[in-house]
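The block underneath contains the structure these notes are about, expressed in structure tokens.
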Amino acid sequence: MSALANHAFAKMNGIGNEIVVVDMRDSTSKVTPDDARAVASPRGGVPYDQLMVLQKPRFDGTEAFISIYNSDGSEAGACGNGMRCVVRRIFEKTGQSTATFETAAGLLNAWQGPAPDLYTVDMGAPKFGWQDIPLDQEFRDTRYIELQIGPIDNPILHSPSVVSMGNPHAIFWVDDVNAYDLERFGPLLENHPIFPERANITLAHIVDPQHITIRTWERGAGLTRACGSAACATAVAAARLKRAERNVEITLPGGKLGIEWRERDDHVLMTGTATFEYEGRFDPALFAPVG
Ligand SMILES: N[C@@H](CCC[C@H](N)C(=O)O)C(=O)O
């Protein structure tokens with residue numbers, strides 16, 4: 001039986017990014033990809049974009065090692081909105097206002113503020129090398145790469161910027177993020193052979209140097225109302241192109257995030273709200289073998 005059977009969870013969201021938080025710090029059991037897919041089941045599960053599983057900390061001074069699952073059962077190195085949900089949960093339970101966590105992408109610090117309902121996560125430094133994203137071939141300049149979709153002489157989307165925020169992102173610059181069928185193009189681009197580990201696909205419109213609007217098709221989860229790491233990747237990519245400042249407001253379908261790409265250490269800070277919806281226990285029937 002799955003370690004998640006009867007286990008407590010909290011359903012939350014980070015500006016509409018559907019998040020389930022599970023605290024397994026008192027257990028040595030692992031959540032499997034099958035478990036993660038079962039939780040997302042529309043039949044009695046808790047449909048989500050990301051499942052954030054807190055496990056025993058591996059280093060002194062950290063609260064937890066966090067495993068991040070997409071709803072298709074794959075694992076991700078980063079999830080900005082999910083981190084804000086975890087941070088709110090921990091802070092409300094402990095009264096803390098700062099904490100350090102570990103994910104597959106490394107250590108990250110988080111704190112409450114700059115207002116009481118806001119949480120800031122230090123998402124670390126972006127990476128731009130083609131092997132870091134990763135891409136399947138060498139690109140010396142990842143500010144724009146050669147990739148297009150649609151007719152060769154009149155592409156529908158082309159020349160994305162690519163960035164790793166601990167997970168792979170491709171950002172296509174457009175005039176209107178709602179003018180494209182992201183449900184159709186998202187899966188094609190997510191699974192394009194140029195991305196050996198797949199990629200999160202974002203459409204971005206630079207409104208002015210302080211404001212950017214985005215829509216994202218998430219690797220392993222599909223169309224989402226918000227993707228925090230995509231907001232960070234977009235802010236950094238726009239600043240690299242000198243089309244935006246290092247401190248910008250990103251508007252997503254589910255709300256707004258403040259992103260600062262800090263000059264002094266290259267780290268990207270993401271600030272936004274996190275919403276608690278309800279808590280419950282997973283129905284063991286979800287994890288019963290089929291057949
Ligand atoms: N929603 C997240 C990103 C989640 C991970 C992503 N789908 C991936 O596989 O890289 C966020 O808020 O950053």
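As shown in the structure tokens, the chain order sets the letters A, B, ...; within each chain, residues go from 1, and ligands are also counted from 1 in the order they appear.
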
Could I get the residue neighbourhood of ligand 1 at 6 Å, counting only C-alpha atoms and all ligand atoms, as a PDB file with N, CA, C and O atoms, in the first residue's frame?
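Wrote part.pdb, looks like this:
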ATOM      1  N   ASN A  70       5.156  16.557 -10.752  1.00  0.00           N
ATOM      2  CA  ASN A  70       4.119  17.041 -11.653  1.00  0.00           C
ATOM      3  C   ASN A  70       2.979  16.024 -11.657  1.00  0.00           C
ATOM      4  O   ASN A  70       3.160  14.868 -11.261  1.00  0.00           O
ATOM      5  N   ALA A  76      10.305  17.387 -10.677  1.00  0.00           N
ATOM      6  CA  ALA A  76      10.849  18.673 -11.126  1.00  0.00           C
ATOM      7  C   ALA A  76      11.833  19.187 -10.081  1.00  0.00           C
ATOM      8  O   ALA A  76      11.701  18.893  -8.894  1.00  0.00           O
ATOM      9  N   ALA A  78      12.344  22.472  -9.530  1.00  0.00           N
ATOM     10  CA  ALA A  78      11.913  23.756  -8.974  1.00  0.00           C
ATOM     11  C   ALA A  78      10.417  23.934  -9.160  1.00  0.00           C
ATOM     12  O   ALA A  78       9.849  23.466 -10.149  1.00  0.00           O
ATOM     13  N   CYS A  79       9.805  24.615  -8.198  1.00  0.00           N
ATOM     14  CA  CYS A  79       8.392  25.011  -8.323  1.00  0.00           C
ATOM     15  C   CYS A  79       8.186  26.226  -7.418  1.00  0.00           C
ATOM     16  O   CYS A  79       8.020  26.090  -6.204  1.00  0.00           O
ATOM     17  N   GLY A  80       8.218  27.398  -8.025  1.00  0.00           N
ATOM     18  CA  GLY A  80       8.141  28.639  -7.252  1.00  0.00           C
ATOM     19  C   GLY A  80       6.832  28.783  -6.491  1.00  0.00           C
ATOM     20  O   GLY A  80       6.821  29.093  -5.290  1.00  0.00           O
ATOM     21  N   ASN A  81       5.709  28.554  -7.173  1.00  0.00           N
ATOM     22  CA  ASN A  81       4.409  28.730  -6.502  1.00  0.00           C
ATOM     23  C   ASN A  81       4.234  27.680  -5.402  1.00  0.00           C
ATOM     24  O   ASN A  81       3.710  27.985  -4.323  1.00  0.00           O
ATOM     25  N   GLY A  82       4.654  26.454  -5.687  1.00  0.00           N
ATOM     26  CA  GLY A  82       4.557  25.395  -4.682  1.00  0.00           C
ATOM     27  C   GLY A  82       5.398  25.727  -3.458  1.00  0.00           C
ATOM     28  O   GLY A  82       4.996  25.471  -2.304  1.00  0.00           O
ATOM     29  N   ASN A 167      14.928  24.116 -13.464  1.00  0.00           N
ATOM     30  CA  ASN A 167      14.088  23.356 -14.402  1.00  0.00           C
ATOM     31  C   ASN A 167      14.113  24.104 -15.741  1.00  0.00           C
ATOM     32  O   ASN A 167      14.424  25.297 -15.791  1.00  0.00           O
ATOM     33  N   GLU A 218       2.940  23.927 -18.754  1.00  0.00           N
ATOM     34  CA  GLU A 218       3.942  23.321 -17.872  1.00  0.00           C
ATOM     35  C   GLU A 218       4.307  21.907 -18.278  1.00  0.00           C
ATOM     36  O   GLU A 218       3.417  21.076 -18.507  1.00  0.00           O
ATOM     37  N   ARG A 219       5.615  21.656 -18.283  1.00  0.00           N
ATOM     38  CA  ARG A 219       6.097  20.285 -18.441  1.00  0.00           C
ATOM     39  C   ARG A 219       5.406  19.394 -17.399  1.00  0.00           C
ATOM     40  O   ARG A 219       5.386  19.722 -16.212  1.00  0.00           O
ATOM     41  N   GLY A 220       4.826  18.310 -17.843  1.00  0.00           N
ATOM     42  CA  GLY A 220       4.284  17.323 -16.903  1.00  0.00           C
ATOM     43  C   GLY A 220       2.977  17.706 -16.246  1.00  0.00           C
ATOM     44  O   GLY A 220       2.451  16.937 -15.440  1.00  0.00           O
ATOM     45  N   ALA A 221       2.432  18.888 -16.553  1.00  0.00           N
ATOM     46  CA  ALA A 221       1.180  19.297 -15.900  1.00  0.00           C
ATOM     47  C   ALA A 221       0.229  20.014 -16.858  1.00  0.00           C
ATOM     48  O   ALA A 221      -0.965  20.076 -16.600  1.00  0.00           O
ATOM     49  N   CYS A 227       2.851  29.845 -13.221  1.00  0.00           N
ATOM     50  CA  CYS A 227       4.074  29.059 -13.046  1.00  0.00           C
ATOM     51  C   CYS A 227       5.148  30.026 -12.550  1.00  0.00           C
ATOM     52  O   CYS A 227       5.576  30.927 -13.292  1.00  0.00           O
ATOM     53  N   GLY A 228       5.555  29.863 -11.304  1.00  0.00           N
ATOM     54  CA  GLY A 228       6.484  30.803 -10.673  1.00  0.00           C
ATOM     55  C   GLY A 228       7.865  30.770 -11.298  1.00  0.00           C
ATOM     56  O   GLY A 228       8.473  31.825 -11.544  1.00  0.00           O
ATOM     57  N   SER A 229       8.370  29.556 -11.569  1.00  0.00           N
ATOM     58  CA  SER A 229       9.714  29.485 -12.154  1.00  0.00           C
ATOM     59  C   SER A 229       9.699  30.051 -13.575  1.00  0.00           C
ATOM     60  O   SER A 229      10.690  30.633 -14.034  1.00  0.00           O
TER      61      SER A 229
END

Next item on the list: Quick one: everything within 9 Å of Val248 in chain A, counting only C-alpha atoms, minus sequence neighbours fewer than 2 positions away in the same chain. Send it as a count of residues only.
Entry: 14

Notebook entry, point to check: Looking at A:Gln112, A:Pro289, A:Asn13, A:Asn6, which one is nearest to Glu277 in chain A, with distances taken over only C-alpha atoms?
Noted result: A:Asn13

Checklist line | Among listed residues A:Thr234, A:Gln131, A:Ser97, A:Thr120, nearest Pro160 in chain A (using only C-alpha atoms) | finding: A:Thr234

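Minimum atom-to-atom distances from A:Ser71, A:Thr100, A:Ser29, A:Thr213 to Gly45 in chain A were compared using only C-alpha atoms, and the lowest value belongs to A:Ser71.
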
Item checked: Test item: residues at most 7 Å from His169 in chain A, only C-alpha atoms, excluding those fewer than 2 positions along its chain, as an MDAnalysis selection string -> chainID A and resid 162:164 167 171 199:201 230 233

Take the selection from the previous step and output its residues with all heavy atoms, as an mmCIF file, in the first residue's frame.
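Final file, part07.cif:
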data_model
loop_
_atom_site.group_PDB
_atom_site.id
_atom_site.type_symbol
_atom_site.label_atom_id
_atom_site.label_comp_id
_atom_site.auth_asym_id
_atom_site.auth_seq_id
_atom_site.Cartn_x
_atom_site.Cartn_y
_atom_site.Cartn_z
ATOM 1 N N VAL A 162 16.009 30.637 -23.799
ATOM 2 C CA VAL A 162 15.956 29.464 -22.927
ATOM 3 C C VAL A 162 16.769 29.723 -21.663
ATOM 4 O O VAL A 162 17.813 30.381 -21.707
ATOM 5 C CB VAL A 162 16.431 28.180 -23.653
ATOM 6 C CG1 VAL A 162 15.397 27.722 -24.663
ATOM 7 C CG2 VAL A 162 17.778 28.376 -24.316
ATOM 8 N N VAL A 163 16.244 29.219 -20.551
ATOM 9 C CA VAL A 163 16.828 29.488 -19.221
ATOM 10 C C VAL A 163 16.567 28.269 -18.347
ATOM 11 O O VAL A 163 15.502 27.660 -18.436
ATOM 12 C CB VAL A 163 16.119 30.690 -18.546
ATOM 13 C CG1 VAL A 163 16.695 30.968 -17.163
ATOM 14 C CG2 VAL A 163 16.186 31.952 -19.399
ATOM 15 N N SER A 164 17.516 27.937 -17.474
ATOM 16 C CA SER A 164 17.220 26.969 -16.410
ATOM 17 C C SER A 164 17.075 27.719 -15.095
ATOM 18 O O SER A 164 17.948 28.493 -14.703
ATOM 19 C CB SER A 164 18.332 25.928 -16.267
ATOM 20 O OG SER A 164 18.085 25.173 -15.088
ATOM 21 N N ASN A 167 14.928 24.116 -13.464
ATOM 22 C CA ASN A 167 14.088 23.356 -14.402
ATOM 23 C C ASN A 167 14.113 24.104 -15.741
ATOM 24 O O ASN A 167 14.424 25.297 -15.791
ATOM 25 C CB ASN A 167 12.662 23.167 -13.853
ATOM 26 C CG ASN A 167 11.969 24.471 -13.500
ATOM 27 O OD1 ASN A 167 12.572 25.537 -13.488
ATOM 28 N ND2 ASN A 167 10.689 24.402 -13.216
ATOM 29 N N ILE A 171 11.015 30.544 -23.597
ATOM 30 C CA ILE A 171 10.113 31.702 -23.588
ATOM 31 C C ILE A 171 10.009 32.248 -25.007
ATOM 32 O O ILE A 171 11.006 32.670 -25.601
ATOM 33 C CB ILE A 171 10.639 32.806 -22.634
ATOM 34 C CG1 ILE A 171 10.783 32.237 -21.209
ATOM 35 C CG2 ILE A 171 9.716 34.016 -22.617
ATOM 36 C CD1 ILE A 171 12.191 32.037 -20.772
ATOM 37 N N ALA A 199 10.474 20.581 -21.596
ATOM 38 C CA ALA A 199 10.632 21.974 -21.133
ATOM 39 C C ALA A 199 9.275 22.579 -20.803
ATOM 40 O O ALA A 199 8.240 22.120 -21.295
ATOM 41 C CB ALA A 199 11.319 22.823 -22.203
ATOM 42 N N ASN A 200 9.297 23.579 -19.956
ATOM 43 C CA ASN A 200 8.127 24.413 -19.681
ATOM 44 C C ASN A 200 8.095 25.487 -20.770
ATOM 45 O O ASN A 200 9.127 26.105 -21.064
ATOM 46 C CB ASN A 200 8.270 25.046 -18.301
ATOM 47 C CG ASN A 200 8.318 23.991 -17.209
ATOM 48 O OD1 ASN A 200 7.317 23.383 -16.885
ATOM 49 N ND2 ASN A 200 9.507 23.744 -16.659
ATOM 50 N N ILE A 201 6.919 25.692 -21.355
ATOM 51 C CA ILE A 201 6.802 26.564 -22.532
ATOM 52 C C ILE A 201 5.971 27.804 -22.166
ATOM 53 O O ILE A 201 4.805 27.685 -21.766
ATOM 54 C CB ILE A 201 6.107 25.818 -23.703
ATOM 55 C CG1 ILE A 201 6.834 24.490 -24.006
ATOM 56 C CG2 ILE A 201 5.996 26.708 -24.930
ATOM 57 C CD1 ILE A 201 8.290 24.627 -24.426
ATOM 58 N N ALA A 230 8.548 29.924 -14.291
ATOM 59 C CA ALA A 230 8.442 30.523 -15.634
ATOM 60 C C ALA A 230 8.480 32.049 -15.527
ATOM 61 O O ALA A 230 9.080 32.726 -16.373
ATOM 62 C CB ALA A 230 7.159 30.070 -16.317
ATOM 63 N N ALA A 233 12.104 32.847 -15.010
ATOM 64 C CA ALA A 233 12.866 32.632 -16.254
ATOM 65 C C ALA A 233 12.576 33.752 -17.254
ATOM 66 O O ALA A 233 13.486 34.259 -17.920
ATOM 67 C CB ALA A 233 12.492 31.266 -16.848
#

Note to self: If we count only C-alpha atoms and set the cut-off at 10 Å, which residues sit around Phe287 in chain A, ignoring sequence neighbours fewer than 3 positions away in its own chain? Please answer as an MDAnalysis selection string.
What the structure shows: chainID A and resid 1:5 34:39 45 282:284 290

Checklist line | Distance query Ala10 in chain A at most 7 Å, only C-alpha atoms, self and fewer than 5 positions along chain excluded, as a VMD selection string | finding: chain A and resid 20 to 22 278 to 280

Now that the selection is made, can you save its residues with C-alpha atoms as a CSV table (one decimal), in the first residue's frame?
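Dumped to again18.csv:
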chain,number,residue,atom,x,y,z
A,20,VAL,CA,-1.0,19.8,-2.8
A,21,VAL,CA,1.4,19.8,0.2
A,22,VAL,CA,2.2,16.6,2.0
A,278,TYR,CA,-8.7,22.9,2.6
A,279,GLU,CA,-7.0,19.9,4.2
A,280,GLY,CA,-7.9,16.2,4.2

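Taking CA of Gly124 in chain A and CA of Leu188 in chain A as the two end points, the separation is 28.8 Å.
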
Next item on the list: Identify, on the basis of only C-alpha atoms, every residue whose closest approach to Thr273 in chain A does not exceed 8 Å; exclude the query and any residue fewer than 6 positions from it along the same chain; express the result as a list of chain:residue names.
Entry: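 Within the cut-off, the hits are A:Gly14, A:Ile15, A:Arg84, A:Asp117, A:Leu118, A:Tyr119.
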
Note to self: Neighbouring residues of Asp265 in chain A were defined as those with any atom within 12 Å, considering only C-alpha atoms; residues of the same chain fewer than 3 positions away were excluded. Please report them as a ChimeraX atom specification.
What the structure shows: /A:122-126,260-262,268-269

Next item on the list: Apply DSSP to the backbone of this structure and, from range 8-206 of chain A, keep only the residues in strand (DSSP E or B); write these as an NGL selection string.
Entry: :A and (8-14 or 17-23 or 50-55 or 65-70 or 75-76 or 98-103 or 106-112 or 119-122 or 127 or 148-149 or 157-158 or 161-164 or 168-173 or 200-206)

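Take the candidates A:Pro253, A:Ala105, A:Ser67, A:Leu241 and check each one against Asp141 in chain A using only C-alpha atoms; the shortest distance goes to A:Leu241.
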